[in-house]
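**Q** Below you'll find the structure I mean.
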Amino acid sequence: MNKKVGKPVFFIVMCIILLFAFTTVFGVDSYKGDIPTTYIHGLDDIRLGIDIQGGVDVTFEPEEDLKATEDQMNAAMEVIKLRLSTLNINDSETYVDYNNSRIIVRFPWQSGEENFDPAAAVDELGQMSELTFRYGTEVDGELILTGASVDVASPGYDQQNSQWVVQLSLNDSGKDAFATATAQQAAQNGYISIWMDDVCISSATVNEAISNGNAVISGNFTAESAKKLADQITSGALPFSLHATSTKTLSPTLGTGALRAMIISGLIALAFICLYMLVLYRIPGLIAVLGLIGQAAGMLAAVSGWFGFQPSSTLTIPGIAGIILSIGMGVDCNIITAERIKEELAKGRNVESAIKSGYSNAFSAILDGNLTLAIVAIILMGAFGTNTNPITKFLDATIFRPFGATTEGFIYSFGFTLVAGVILNFIMGVFAARLMSMSIARFKAFQKPSLFGYNEKTYKPVKTLDFSGNKKKFFIISAVLLVLSVCTTFTGVEIAIDFKGGTIVSYSYSGDLDPESCRSDIEGILNSPVNLQTGESFDSDTNILTVSFSYDESLTLEQQENMLAKMQEIYPSNNVNMLESNEVSPSSGREFFGKCIVAVIFAALLLIIYIALRFKRISGWSAGVFTIAALLHDIIITYGSFVLFGFEINSNFMAVILTIFGYSINNTIVVYDRIRENQGLMSKKDPISELVNASASQTLRRSIRTSITTLSTMIIISVVAYIFHVESILSFSVPMAFGLLAGTFSSQCIAPTLWVWWNERRGNKTVGDCAKATGAAK
């Protein structure tokens, strides 16, 4: 294969990666006067989430003072969530106040943003948008079917008539009703009209019966308006029309310095990782740096809409968590391969042969680690995607049936970035990296083993450590950590308003207020932590202060009046007045949390099955179960760090837990891959404990070096956040660091030693016994 890779290939691939990165950052635009035309979207097209950029807060109420039931309010909230997703708003907050029949919606936007109109979005969210097919051409014509009978709605282009249309695929009930209606109207050359609420959007004479369940809405559509109508039909109708009673801006939930802190820490971390890889691995390090640049660019391109078929979406902290995990997997991919190349060089192979063998030997671990991550990502996308996603339809109809259809864009976004990361891992970390390595090895000047991180004089063979002999110590350490983590619960758990419910109060004020001082004063009044955001009313220049706090019971009117009086006393010159108060229900948050747990359990079961099949030679079922046991160990310790530092259980918590889920599984898979490989290399008479000792020792260097890159990223983020006083980012980076340490410990010391313990209890004392038990003996 090396003969097919020419010397210029390295430079060609490098130029492609750098060009891709350049266009991802800056995009490609042209101007006619002041009018821009965008050919390729850049980073400026990425919309940042509420947590980073801030956004809009809208309070909706039913028209005509309707007193809605709880079921109606819940149905309206789910429709609004789905509409937000169809607008590619992946970061939104939706709360319900049942007592006042209000729905509070928050979505990202920043004053001056030109590629998104918040007023139009508010109007669209509140429209009832009931699609109806009727006999004749009048709005009071007999009803044929509604949008509930539409299975799929999508924009399309009618080549014959050169016009944009909306194509509908009807479900079984809609298909029968439409077939009957078209047959009846065709017989008398009658009309069928299509209405959105009370507006006729299409009317046509019926020439023949349509029984295949496909319908087309034609009219004076553009590509944009056809998509908008298709999205409205897809998201369904509200049970009643809503109107916005207040619309105001919000400051970032992470604080005004969050974006600057994230950019600075990201650049420092990237520079550190690149320098670290170059020092450790020389040429493989350089190739890894180029691959990481390509992977980071690819992740951002997937969010910005660079690829064309995927529109730009919102980048949030959970989305950033997905990118960090994916880049961490990319670093790990390169470290695994570089270590394998060094092992082959130590055996006396020449550089070209070592590269070829190194990539070949590393591929199974990379494949299994990434595919297990993809399983988790696809389950999350399916669990929290829109009903246009076939995976979502299947899951909502089966394992998630008790929860109904729920859409959570930020979890879907997390899953999407992971899937993109897996694909890019194979493109950049395997395919492109191998091409560049094989190409550069053709140059005589680069055929020195020292340029690939191997020095015969300083290279030390892997020392086999007694992991199995120390398993009791590991289990005791693990048990102590788990008990301490669980005991932190008794110190008090801060739960966000999303999961617990509480009160959101908005105040108007004049002049200037220091948000941090104000938050501290309000926490002193309530003796409870609060979230505080500032903004302005859309209707006037009034300054708005929005205070959110979770409570087991909402604030009474007397408590609210007392808090207002205290605020007016503390800030007498700021003319503080209460605008509105909403008691928000935790029901949707609890449902989301419950669905997350079910999704994780379902993903864990699939992972056990996958590991059982892929690692059949080493008793795959037990390997799968102990992988999940190690994962549960890491999640509990991560939870304990959240509680210990007083961080809220919120969306950041879910992002961290899901990231540790993927990281821990990948670490354990790498160790199991070595056990599987060494089983075929070691003598059948060797104790199974020696098999694990050798395998865990061989992967230890890789685990430590990968952990240094990911852990250093979290430390850098934490330090920068502390310097810039963005304490809210610490609720992401600090628990992540604890989770990464727990994941490294469990994958090296817990999962493999549990596997040894289990097999020894079953009488599989030697490598040969294990092979016989699994049918792998030759």
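Residue numbering restarts at 1 for every chain of the structure tokens, chains are lettered A, B, ... in their displayed order, and ligands are numbered from 1 as they appear.
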From segment 360-535 of chain A, collect each residue whose DSSP state is alpha helix (DSSP H) and return the set as a tab-separated table (two decimals) with N, CA, C and O atoms, in the first residue's frame.

**A**
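Final output, selection.tsv:
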chain	number	residue	atom	x	y	z
A	360	SER	N	-2.52	-0.45	11.53
A	360	SER	CA	-3.31	-1.67	11.47
A	360	SER	C	-3.66	-2.17	12.86
A	360	SER	O	-4.81	-2.53	13.14
A	361	ASN	N	-2.68	-2.19	13.76
A	361	ASN	CA	-2.90	-2.68	15.13
A	361	ASN	C	-3.80	-1.75	15.94
A	361	ASN	O	-4.52	-2.20	16.83
A	362	ALA	N	-3.74	-0.46	15.65
A	362	ALA	CA	-4.53	0.52	16.41
A	362	ALA	C	-5.98	0.59	15.96
A	362	ALA	O	-6.84	1.06	16.72
A	363	PHE	N	-6.27	0.11	14.76
A	363	PHE	CA	-7.58	0.38	14.18
A	363	PHE	C	-8.73	-0.24	14.96
A	363	PHE	O	-9.79	0.37	15.10
A	364	SER	N	-8.56	-1.45	15.48
A	364	SER	CA	-9.68	-2.12	16.17
A	364	SER	C	-10.11	-1.33	17.41
A	364	SER	O	-11.31	-1.18	17.68
A	365	ALA	N	-9.13	-0.81	18.17
A	365	ALA	CA	-9.48	-0.01	19.36
A	365	ALA	C	-10.17	1.29	18.96
A	365	ALA	O	-11.15	1.71	19.60
A	366	ILE	N	-9.67	1.93	17.89
A	366	ILE	CA	-10.28	3.17	17.41
A	366	ILE	C	-11.70	2.91	16.91
A	366	ILE	O	-12.63	3.65	17.21
A	367	LEU	N	-11.87	1.81	16.17
A	367	LEU	CA	-13.18	1.46	15.63
A	367	LEU	C	-14.20	1.22	16.74
A	367	LEU	O	-15.28	1.81	16.75
A	368	ASP	N	-13.84	0.37	17.69
A	368	ASP	CA	-14.79	0.03	18.76
A	368	ASP	C	-15.08	1.22	19.65
A	368	ASP	O	-16.24	1.44	20.05
A	369	GLY	N	-14.06	2.02	19.97
A	369	GLY	CA	-14.28	3.20	20.81
A	369	GLY	C	-15.21	4.20	20.17
A	369	GLY	O	-16.09	4.76	20.82
A	370	ASN	N	-15.03	4.42	18.87
A	370	ASN	CA	-15.87	5.40	18.17
A	370	ASN	C	-17.27	4.88	17.90
A	370	ASN	O	-18.24	5.64	17.96
A	371	LEU	N	-17.39	3.59	17.60
A	371	LEU	CA	-18.73	3.05	17.34
A	371	LEU	C	-19.58	3.01	18.60
A	371	LEU	O	-20.78	3.25	18.55
A	372	THR	N	-18.96	2.72	19.75
A	372	THR	CA	-19.74	2.76	20.99
A	372	THR	C	-20.20	4.18	21.28
A	372	THR	O	-21.32	4.40	21.76
A	373	LEU	N	-19.34	5.15	20.99
A	373	LEU	CA	-19.73	6.55	21.16
A	373	LEU	C	-20.86	6.92	20.21
A	373	LEU	O	-21.80	7.64	20.58
A	374	ALA	N	-20.80	6.40	18.98
A	374	ALA	CA	-21.85	6.68	17.99
A	374	ALA	C	-23.19	6.11	18.44
A	374	ALA	O	-24.25	6.71	18.22
A	375	ILE	N	-23.18	4.94	19.09
A	375	ILE	CA	-24.42	4.34	19.60
A	375	ILE	C	-25.08	5.28	20.60
A	375	ILE	O	-26.29	5.55	20.54
A	376	VAL	N	-24.27	5.80	21.53
A	376	VAL	CA	-24.80	6.74	22.53
A	376	VAL	C	-25.37	7.98	21.85
A	376	VAL	O	-26.47	8.45	22.16
A	377	ALA	N	-24.61	8.52	20.88
A	377	ALA	CA	-25.02	9.75	20.20
A	377	ALA	C	-26.32	9.56	19.44
A	377	ALA	O	-27.21	10.42	19.48
A	378	ILE	N	-26.46	8.45	18.73
A	378	ILE	CA	-27.67	8.20	17.94
A	378	ILE	C	-28.89	8.03	18.84
A	378	ILE	O	-29.98	8.51	18.52
A	379	ILE	N	-28.72	7.38	19.99
A	379	ILE	CA	-29.83	7.23	20.94
A	379	ILE	C	-30.26	8.60	21.45
A	379	ILE	O	-31.47	8.90	21.54
A	380	LEU	N	-29.31	9.47	21.77
A	380	LEU	CA	-29.66	10.81	22.26
A	380	LEU	C	-30.35	11.63	21.18
A	380	LEU	O	-31.33	12.35	21.45
A	381	MET	N	-29.86	11.55	19.94
A	381	MET	CA	-30.50	12.27	18.83
A	381	MET	C	-31.92	11.75	18.61
A	381	MET	O	-32.85	12.52	18.36
A	382	GLY	N	-32.07	10.43	18.72
A	382	GLY	CA	-33.40	9.85	18.52
A	382	GLY	C	-34.35	10.19	19.65
A	382	GLY	O	-35.53	10.46	19.43
A	383	ALA	N	-33.82	10.21	20.88
A	383	ALA	CA	-34.68	10.46	22.04
A	383	ALA	C	-35.20	11.88	22.08
A	383	ALA	O	-36.34	12.13	22.50
A	384	PHE	N	-34.38	12.84	21.62
A	384	PHE	CA	-34.75	14.25	21.78
A	384	PHE	C	-34.81	15.01	20.46
A	384	PHE	O	-34.72	16.23	20.44
A	390	PRO	N	-36.78	9.52	11.67
A	390	PRO	CA	-37.35	8.18	11.77
A	390	PRO	C	-36.94	7.45	13.04
A	390	PRO	O	-37.72	6.67	13.59
A	391	ILE	N	-35.72	7.71	13.53
A	391	ILE	CA	-35.27	7.08	14.78
A	391	ILE	C	-36.12	7.59	15.93
A	391	ILE	O	-36.54	6.83	16.81
A	392	THR	N	-36.37	8.91	15.93
A	392	THR	CA	-37.21	9.50	16.97
A	392	THR	C	-38.61	8.91	16.96
A	392	THR	O	-39.17	8.58	18.01
A	393	LYS	N	-39.18	8.75	15.78
A	393	LYS	CA	-40.53	8.17	15.66
A	393	LYS	C	-40.57	6.77	16.28
A	393	LYS	O	-41.49	6.43	17.03
A	394	PHE	N	-39.57	5.98	15.95
A	394	PHE	CA	-39.54	4.60	16.45
A	394	PHE	C	-39.38	4.58	17.96
A	394	PHE	O	-40.11	3.86	18.66
A	395	LEU	N	-38.45	5.37	18.49
A	395	LEU	CA	-38.20	5.37	19.93
A	395	LEU	C	-39.39	5.92	20.71
A	395	LEU	O	-39.74	5.42	21.78
A	396	ASP	N	-40.03	6.98	20.18
A	396	ASP	CA	-41.20	7.55	20.86
A	396	ASP	C	-42.36	6.57	20.90
A	396	ASP	O	-43.20	6.61	21.81
A	397	ALA	N	-42.43	5.71	19.90
A	397	ALA	CA	-43.52	4.73	19.83
A	397	ALA	C	-43.21	3.48	20.65
A	397	ALA	O	-44.10	2.65	20.86
A	409	GLY	N	-33.58	20.47	22.19
A	409	GLY	CA	-32.59	20.77	21.17
A	409	GLY	C	-31.16	20.65	21.63
A	409	GLY	O	-30.29	20.21	20.88
A	410	PHE	N	-30.87	21.04	22.91
A	410	PHE	CA	-29.47	21.04	23.31
A	410	PHE	C	-28.93	19.62	23.48
A	410	PHE	O	-27.74	19.37	23.25
A	411	ILE	N	-29.78	18.66	23.85
A	411	ILE	CA	-29.33	17.27	23.92
A	411	ILE	C	-29.16	16.71	22.50
A	411	ILE	O	-28.20	16.00	22.20
A	412	TYR	N	-30.10	17.05	21.63
A	412	TYR	CA	-29.96	16.64	20.22
A	412	TYR	C	-28.67	17.21	19.63
A	412	TYR	O	-27.95	16.51	18.91
A	413	SER	N	-28.38	18.47	19.96
A	413	SER	CA	-27.16	19.11	19.47
A	413	SER	C	-25.92	18.39	19.98
A	413	SER	O	-24.94	18.21	19.24
A	414	PHE	N	-25.95	17.97	21.24
A	414	PHE	CA	-24.84	17.21	21.82
A	414	PHE	C	-24.62	15.92	21.03
A	414	PHE	O	-23.50	15.58	20.65
A	415	GLY	N	-25.73	15.20	20.77
A	415	GLY	CA	-25.63	13.95	20.01
A	415	GLY	C	-25.13	14.20	18.59
A	415	GLY	O	-24.32	13.42	18.06
A	416	PHE	N	-25.61	15.29	17.98
A	416	PHE	CA	-25.21	15.60	16.61
A	416	PHE	C	-23.71	15.88	16.52
A	416	PHE	O	-23.02	15.39	15.61
A	417	THR	N	-23.18	16.65	17.47
A	417	THR	CA	-21.75	16.95	17.44
A	417	THR	C	-20.93	15.68	17.66
A	417	THR	O	-19.84	15.54	17.08
A	418	LEU	N	-21.45	14.74	18.46
A	418	LEU	CA	-20.72	13.48	18.67
A	418	LEU	C	-20.68	12.65	17.39
A	418	LEU	O	-19.64	12.07	17.05
A	419	VAL	N	-21.82	12.56	16.69
A	419	VAL	CA	-21.85	11.80	15.44
A	419	VAL	C	-20.88	12.43	14.43
A	419	VAL	O	-20.12	11.73	13.75
A	420	ALA	N	-20.93	13.76	14.33
A	420	ALA	CA	-20.00	14.45	13.44
A	420	ALA	C	-18.56	14.18	13.85
A	420	ALA	O	-17.68	13.97	12.99
A	421	GLY	N	-18.31	14.15	15.17
A	421	GLY	CA	-16.97	13.88	15.66
A	421	GLY	C	-16.48	12.49	15.31
A	421	GLY	O	-15.31	12.29	14.97
A	422	VAL	N	-17.37	11.50	15.41
A	422	VAL	CA	-17.01	10.13	15.06
A	422	VAL	C	-16.61	10.03	13.59
A	422	VAL	O	-15.59	9.43	13.22
A	423	ILE	N	-17.42	10.64	12.72
A	423	ILE	CA	-17.13	10.63	11.29
A	423	ILE	C	-15.79	11.30	11.01
A	423	ILE	O	-14.95	10.79	10.26
A	424	LEU	N	-15.57	12.45	11.65
A	424	LEU	CA	-14.32	13.20	11.44
A	424	LEU	C	-13.12	12.46	12.02
A	424	LEU	O	-12.00	12.59	11.52
A	433	ALA	N	-4.57	10.96	8.35
A	433	ALA	CA	-3.32	10.80	9.09
A	433	ALA	C	-2.46	9.69	8.50
A	433	ALA	O	-1.24	9.81	8.39
A	434	ARG	N	-3.09	8.60	8.10
A	434	ARG	CA	-2.33	7.49	7.51
A	434	ARG	C	-1.72	7.91	6.17
A	434	ARG	O	-0.56	7.59	5.89
A	435	LEU	N	-2.50	8.59	5.36
A	435	LEU	CA	-1.96	9.06	4.08
A	435	LEU	C	-0.73	9.95	4.29
A	435	LEU	O	0.30	9.80	3.62
A	436	MET	N	-0.85	10.91	5.22
A	436	MET	CA	0.26	11.82	5.47
A	436	MET	C	1.47	11.08	6.03
A	436	MET	O	2.62	11.37	5.67
A	437	SER	N	1.23	10.14	6.94
A	437	SER	CA	2.34	9.39	7.54
A	437	SER	C	3.07	8.56	6.50
A	437	SER	O	4.31	8.56	6.44
A	438	MET	N	2.31	7.82	5.68
A	438	MET	CA	2.94	6.97	4.67
A	438	MET	C	3.66	7.82	3.62
A	438	MET	O	4.70	7.42	3.08
A	439	SER	N	3.13	9.00	3.34
A	439	SER	CA	3.74	9.88	2.35
A	439	SER	C	5.06	10.45	2.85
A	439	SER	O	6.08	10.39	2.17
A	440	ILE	N	5.05	10.97	4.07
A	440	ILE	CA	6.25	11.62	4.59
A	440	ILE	C	7.37	10.61	4.86
A	440	ILE	O	8.56	10.94	4.82
A	471	LYS	N	-6.19	-5.51	43.19
A	471	LYS	CA	-7.61	-5.22	42.94
A	471	LYS	C	-8.39	-4.91	44.22
A	471	LYS	O	-9.31	-4.08	44.20
A	472	LYS	N	-8.02	-5.55	45.33
A	472	LYS	CA	-8.73	-5.26	46.58
A	472	LYS	C	-8.52	-3.80	47.00
A	472	LYS	O	-9.45	-3.14	47.47
A	473	LYS	N	-7.28	-3.32	46.83
A	473	LYS	CA	-7.00	-1.92	47.16
A	473	LYS	C	-7.81	-0.99	46.26
A	473	LYS	O	-8.37	0.02	46.71
A	474	PHE	N	-7.86	-1.33	44.96
A	474	PHE	CA	-8.62	-0.51	44.01
A	474	PHE	C	-10.11	-0.49	44.40
A	474	PHE	O	-10.75	0.56	44.35
A	475	PHE	N	-10.64	-1.66	44.77
A	475	PHE	CA	-12.06	-1.75	45.12
A	475	PHE	C	-12.36	-0.94	46.38
A	475	PHE	O	-13.41	-0.29	46.48
A	476	ILE	N	-11.43	-0.96	47.33
A	476	ILE	CA	-11.63	-0.18	48.57
A	476	ILE	C	-11.62	1.32	48.27
A	476	ILE	O	-12.48	2.07	48.76
A	477	ILE	N	-10.63	1.74	47.46
A	477	ILE	CA	-10.57	3.16	47.07
A	477	ILE	C	-11.85	3.57	46.36
A	477	ILE	O	-12.43	4.63	46.65
A	478	SER	N	-12.30	2.73	45.44
A	478	SER	CA	-13.52	3.01	44.68
A	478	SER	C	-14.73	3.09	45.61
A	478	SER	O	-15.56	4.00	45.49
A	479	ALA	N	-14.83	2.13	46.54
A	479	ALA	CA	-15.97	2.10	47.46
A	479	ALA	C	-16.00	3.36	48.32
A	479	ALA	O	-17.07	3.95	48.56
A	480	VAL	N	-14.82	3.78	48.81
A	480	VAL	CA	-14.75	5.00	49.64
A	480	VAL	C	-15.20	6.22	48.84
A	480	VAL	O	-15.99	7.05	49.33
A	481	LEU	N	-14.72	6.33	47.59
A	481	LEU	CA	-15.11	7.46	46.75
A	481	LEU	C	-16.61	7.46	46.48
A	481	LEU	O	-17.26	8.52	46.48
A	482	LEU	N	-17.16	6.28	46.23
A	482	LEU	CA	-18.60	6.18	45.96
A	482	LEU	C	-19.42	6.57	47.18
A	482	LEU	O	-20.41	7.30	47.07
A	483	VAL	N	-19.02	6.07	48.35
A	483	VAL	CA	-19.76	6.39	49.58
A	483	VAL	C	-19.70	7.89	49.86
A	483	VAL	O	-20.72	8.52	50.20
A	484	LEU	N	-18.51	8.48	49.71
A	484	LEU	CA	-18.38	9.92	49.94
A	484	LEU	C	-19.22	10.72	48.94
A	484	LEU	O	-19.84	11.73	49.31
A	485	SER	N	-19.24	10.27	47.69
A	485	SER	CA	-20.03	10.97	46.67
A	485	SER	C	-21.50	10.92	46.97
A	485	SER	O	-22.21	11.92	46.84
A	486	VAL	N	-21.98	9.74	47.40
A	486	VAL	CA	-23.40	9.61	47.75
A	486	VAL	C	-23.72	10.43	48.99
A	486	VAL	O	-24.78	11.07	49.08
A	487	CYS	N	-22.80	10.46	49.96
A	487	CYS	CA	-23.04	11.19	51.21
A	487	CYS	C	-23.12	12.70	51.00
A	487	CYS	O	-23.70	13.40	51.83
A	497	ILE	N	-34.19	25.34	38.46
A	497	ILE	CA	-35.63	25.56	38.34
A	497	ILE	C	-36.27	24.65	37.29
A	497	ILE	O	-37.44	24.28	37.40
A	498	ASP	N	-35.49	24.22	36.29
A	498	ASP	CA	-36.00	23.34	35.24
A	498	ASP	C	-36.53	22.04	35.83
A	498	ASP	O	-37.53	21.49	35.37
A	499	PHE	N	-35.81	21.50	36.83
A	499	PHE	CA	-36.14	20.19	37.38
A	499	PHE	C	-36.96	20.26	38.67
A	499	PHE	O	-37.59	19.29	39.06
A	500	LYS	N	-36.93	21.41	39.33
A	500	LYS	CA	-37.57	21.52	40.64
A	500	LYS	C	-38.80	22.42	40.62
A	500	LYS	O	-39.68	22.29	41.47
A	515	PRO	N	-25.03	43.66	38.38
A	515	PRO	CA	-25.73	42.37	38.47
A	515	PRO	C	-25.22	41.47	39.59
A	515	PRO	O	-26.02	40.84	40.29
A	516	GLU	N	-23.90	41.41	39.80
A	516	GLU	CA	-23.35	40.52	40.82
A	516	GLU	C	-23.74	41.00	42.21
A	516	GLU	O	-24.10	40.20	43.08
A	517	SER	N	-23.67	42.31	42.45
A	517	SER	CA	-24.06	42.85	43.76
A	517	SER	C	-25.54	42.63	43.99
A	517	SER	O	-25.96	42.28	45.11
A	518	CYS	N	-26.33	42.84	42.94
A	518	CYS	CA	-27.77	42.67	43.05
A	518	CYS	C	-28.12	41.21	43.36
A	518	CYS	O	-28.97	40.91	44.20
A	519	ARG	N	-27.45	40.28	42.67
A	519	ARG	CA	-27.70	38.86	42.93
A	519	ARG	C	-27.36	38.50	44.37
A	519	ARG	O	-28.11	37.77	45.03
A	520	SER	N	-26.25	39.03	44.85
A	520	SER	CA	-25.84	38.76	46.23
A	520	SER	C	-26.87	39.31	47.23
A	520	SER	O	-27.20	38.65	48.22
A	521	ASP	N	-27.40	40.50	46.93
A	521	ASP	CA	-28.40	41.10	47.83
A	521	ASP	C	-29.69	40.28	47.85
A	521	ASP	O	-30.27	40.05	48.92
A	522	ILE	N	-30.14	39.81	46.67
A	522	ILE	CA	-31.38	39.04	46.61
A	522	ILE	C	-31.20	37.69	47.30
A	522	ILE	O	-32.10	37.21	48.01
A	523	GLU	N	-30.03	37.08	47.14
A	523	GLU	CA	-29.77	35.81	47.82
A	523	GLU	C	-29.77	36.01	49.34
A	523	GLU	O	-30.22	35.13	50.08
A	524	GLY	N	-29.32	37.19	49.77
A	524	GLY	CA	-29.37	37.49	51.20
A	524	GLY	C	-30.81	37.64	51.70
A	524	GLY	O	-31.14	37.21	52.81
A	525	ILE	N	-31.68	38.22	50.86
A	525	ILE	CA	-33.09	38.39	51.23
A	525	ILE	C	-33.79	37.04	51.31
A	525	ILE	O	-34.53	36.75	52.26
A	526	LEU	N	-33.55	36.16	50.31
A	526	LEU	CA	-34.26	34.88	50.22
A	526	LEU	C	-33.55	33.76	50.94
A	526	LEU	O	-34.13	32.69	51.15

**Q** Tell me, as a ChimeraX atom specification, which residues lie within 12 Å of Phe467 of chain A, counting only C-alpha atoms; anything in the same chain fewer than 3 positions away does not count.

**A** /A:463-464,470-475,688-698,700,745-757

**Q** Which residues are close to segment 261-272 of chain A, i.e. within 8 Å by only C-alpha atoms, leaving aside same-chain residues fewer than 2 positions away? Reply as a PyMOL selection string.

**A** chain A and resi 257-259+274-276+712-713+716-717+720-721+724+726

**Q** I'd like the contact shell of Asn334 of chain A - 9 Å cut-off, only C-alpha atoms, skipping same-chain residues fewer than 4 positions apart - returned as an mmCIF file with C-alpha atoms, in the first residue's frame.

**A**
data_model
loop_
_atom_site.group_PDB
_atom_site.id
_atom_site.type_symbol
_atom_site.label_atom_id
_atom_site.label_comp_id
_atom_site.auth_asym_id
_atom_site.auth_seq_id
_atom_site.Cartn_x
_atom_site.Cartn_y
_atom_site.Cartn_z
ATOM 1 C CA PRO A 284 3.248 11.811 14.268
ATOM 2 C CA GLY A 285 2.662 14.781 16.561
ATOM 3 C CA ILE A 287 0.328 14.985 11.698
ATOM 4 C CA ALA A 288 -1.881 14.805 14.791
ATOM 5 C CA GLY A 291 -5.657 16.288 11.972
ATOM 6 C CA MET A 329 -11.348 11.192 20.975
ATOM 7 C CA GLY A 330 -9.328 12.585 18.055
ATOM 8 C CA ALA A 338 1.679 6.874 17.729
ATOM 9 C CA GLU A 339 2.268 4.510 20.666
ATOM 10 C CA GLY A 429 -7.483 10.615 12.597
ATOM 11 C CA VAL A 430 -7.334 7.466 10.478
ATOM 12 C CA ALA A 433 -3.320 10.804 9.090
#

**Q** Pick out each residue of segment 394-543 of chain A that DSSP on the backbone tags as strand (DSSP E); I need them as a list in words.

**A**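 So, restricting segment 394-543 of chain A to strand (DSSP E), we get Gly502, Thr503, Ile504, Val505, Ser506, Tyr507, Ser508, Tyr509, Asn531, Leu532, Gln533, Thr534, Gly535, Glu536 and Asn543 of chain A.
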
**Q** Please produce an output containing N, CA, C and O atoms for each residue in the selection, written as a CSV table (one decimal), in the first residue's frame.

**A**
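Result saved to again07.csv:
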chain,number,residue,atom,x,y,z
A,502,GLY,N,-40.3,26.5,40.5
A,502,GLY,CA,-40.0,27.7,41.3
A,502,GLY,C,-40.7,28.9,40.8
A,502,GLY,O,-41.8,28.9,40.2
A,503,THR,N,-40.1,30.1,40.9
A,503,THR,CA,-40.7,31.4,40.5
A,503,THR,C,-39.7,32.2,39.7
A,503,THR,O,-38.5,32.2,40.0
A,504,ILE,N,-40.3,32.8,38.7
A,504,ILE,CA,-39.5,33.7,37.8
A,504,ILE,C,-40.2,35.1,38.0
A,504,ILE,O,-41.4,35.3,37.7
A,505,VAL,N,-39.4,36.1,38.5
A,505,VAL,CA,-40.0,37.4,38.7
A,505,VAL,C,-39.2,38.4,37.9
A,505,VAL,O,-38.0,38.4,37.8
A,506,SER,N,-39.9,39.3,37.2
A,506,SER,CA,-39.3,40.4,36.4
A,506,SER,C,-39.6,41.7,37.0
A,506,SER,O,-40.7,42.0,37.4
A,507,TYR,N,-38.5,42.5,37.1
A,507,TYR,CA,-38.6,43.9,37.7
A,507,TYR,C,-38.1,44.9,36.6
A,507,TYR,O,-37.2,44.6,35.8
A,508,SER,N,-38.7,46.1,36.7
A,508,SER,CA,-38.2,47.2,35.9
A,508,SER,C,-37.4,48.1,36.8
A,508,SER,O,-37.6,48.1,38.0
A,509,TYR,N,-36.4,48.7,36.2
A,509,TYR,CA,-35.6,49.6,37.1
A,509,TYR,C,-35.0,50.7,36.2
A,509,TYR,O,-34.9,50.6,34.9
A,531,ASN,N,-30.7,32.8,40.1
A,531,ASN,CA,-30.1,33.2,38.8
A,531,ASN,C,-30.7,34.6,38.4
A,531,ASN,O,-31.9,34.8,38.5
A,532,LEU,N,-29.8,35.4,38.0
A,532,LEU,CA,-30.2,36.8,37.7
A,532,LEU,C,-29.7,37.2,36.3
A,532,LEU,O,-28.5,36.9,36.0
A,533,GLN,N,-30.6,37.8,35.5
A,533,GLN,CA,-30.2,38.3,34.2
A,533,GLN,C,-30.8,39.6,34.0
A,533,GLN,O,-31.9,40.0,34.4
A,534,THR,N,-30.1,40.5,33.3
A,534,THR,CA,-30.5,41.8,32.9
A,534,THR,C,-30.9,41.9,31.5
A,534,THR,O,-30.5,41.0,30.7
A,535,GLY,N,-31.7,42.9,31.1
A,535,GLY,CA,-32.1,43.1,29.7
A,535,GLY,C,-32.9,44.3,29.5
A,535,GLY,O,-32.9,45.2,30.4
A,536,GLU,N,-33.5,44.4,28.4
A,536,GLU,CA,-34.4,45.6,28.1
A,536,GLU,C,-35.7,45.1,27.5
A,536,GLU,O,-35.7,44.0,26.8
A,543,ASN,N,-35.3,49.2,31.5
A,543,ASN,CA,-34.4,48.1,31.9
A,543,ASN,C,-35.1,47.0,32.7
A,543,ASN,O,-36.0,47.3,33.5

**Q** Which residues are near Leu315 of chain A? Cut-off 7 Å, only C-alpha atoms, ignore same chain within fewer than 4 positions. Put them as a ChimeraX atom specification.

**A** /A:46-49,319-320

**Q** So, with only C-alpha atoms as the atoms that count, which of A:Val547, A:Val289, A:Ile635, A:Val139 lies closest to Cys333 of chain A?

**A**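 Checking each candidate against Cys333 of chain A, we get A:Val289 as the closest.
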
**Q** Pick out the residues sitting within 7 Å of segment 143-153 of chain A, and hand them over as a list of chain:residue names; count only C-alpha atoms, and ignore anything fewer than 5 positions along from it in its own chain.

**A**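 Result of the neighbour search: A:Glu130, A:Leu131, A:Thr132, A:Phe133, A:Arg134, A:Tyr135, A:Val166, A:Gln167, A:Leu168, A:Ser169, A:Leu170, A:Asn171, A:Ser173, A:Gly174, A:Ala177, A:Phe178, A:Ala181, A:Ala230, A:Ile233, A:Thr234, A:Gly236, A:Thr388.
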
**Q** Given the choices A:Ile17, A:Cys770, A:Ile217, A:Leu681, which gets closest to Ser622 of chain A if the distance is worked out from only C-alpha atoms?

**A** A:Cys770

**Q** Kindly assemble as a Markdown table a list of the segment 569-659 of chain A residues that lie within 12 Å of segment 239-246 of chain A, each paired with its nearest atom pair and their distance in Å to one decimal, using only C-alpha atoms, sorted first by chain and then by ascending residue number.

**A**
| residue | atom | partner | partner_atom | distance |
| --- | --- | --- | --- | --- |
| A:Leu579 | CA | A:Ser246 | CA | 9.5 |
| A:Glu580 | CA | A:Ser246 | CA | 9.2 |
| A:Ser581 | CA | A:Ser246 | CA | 11.8 |
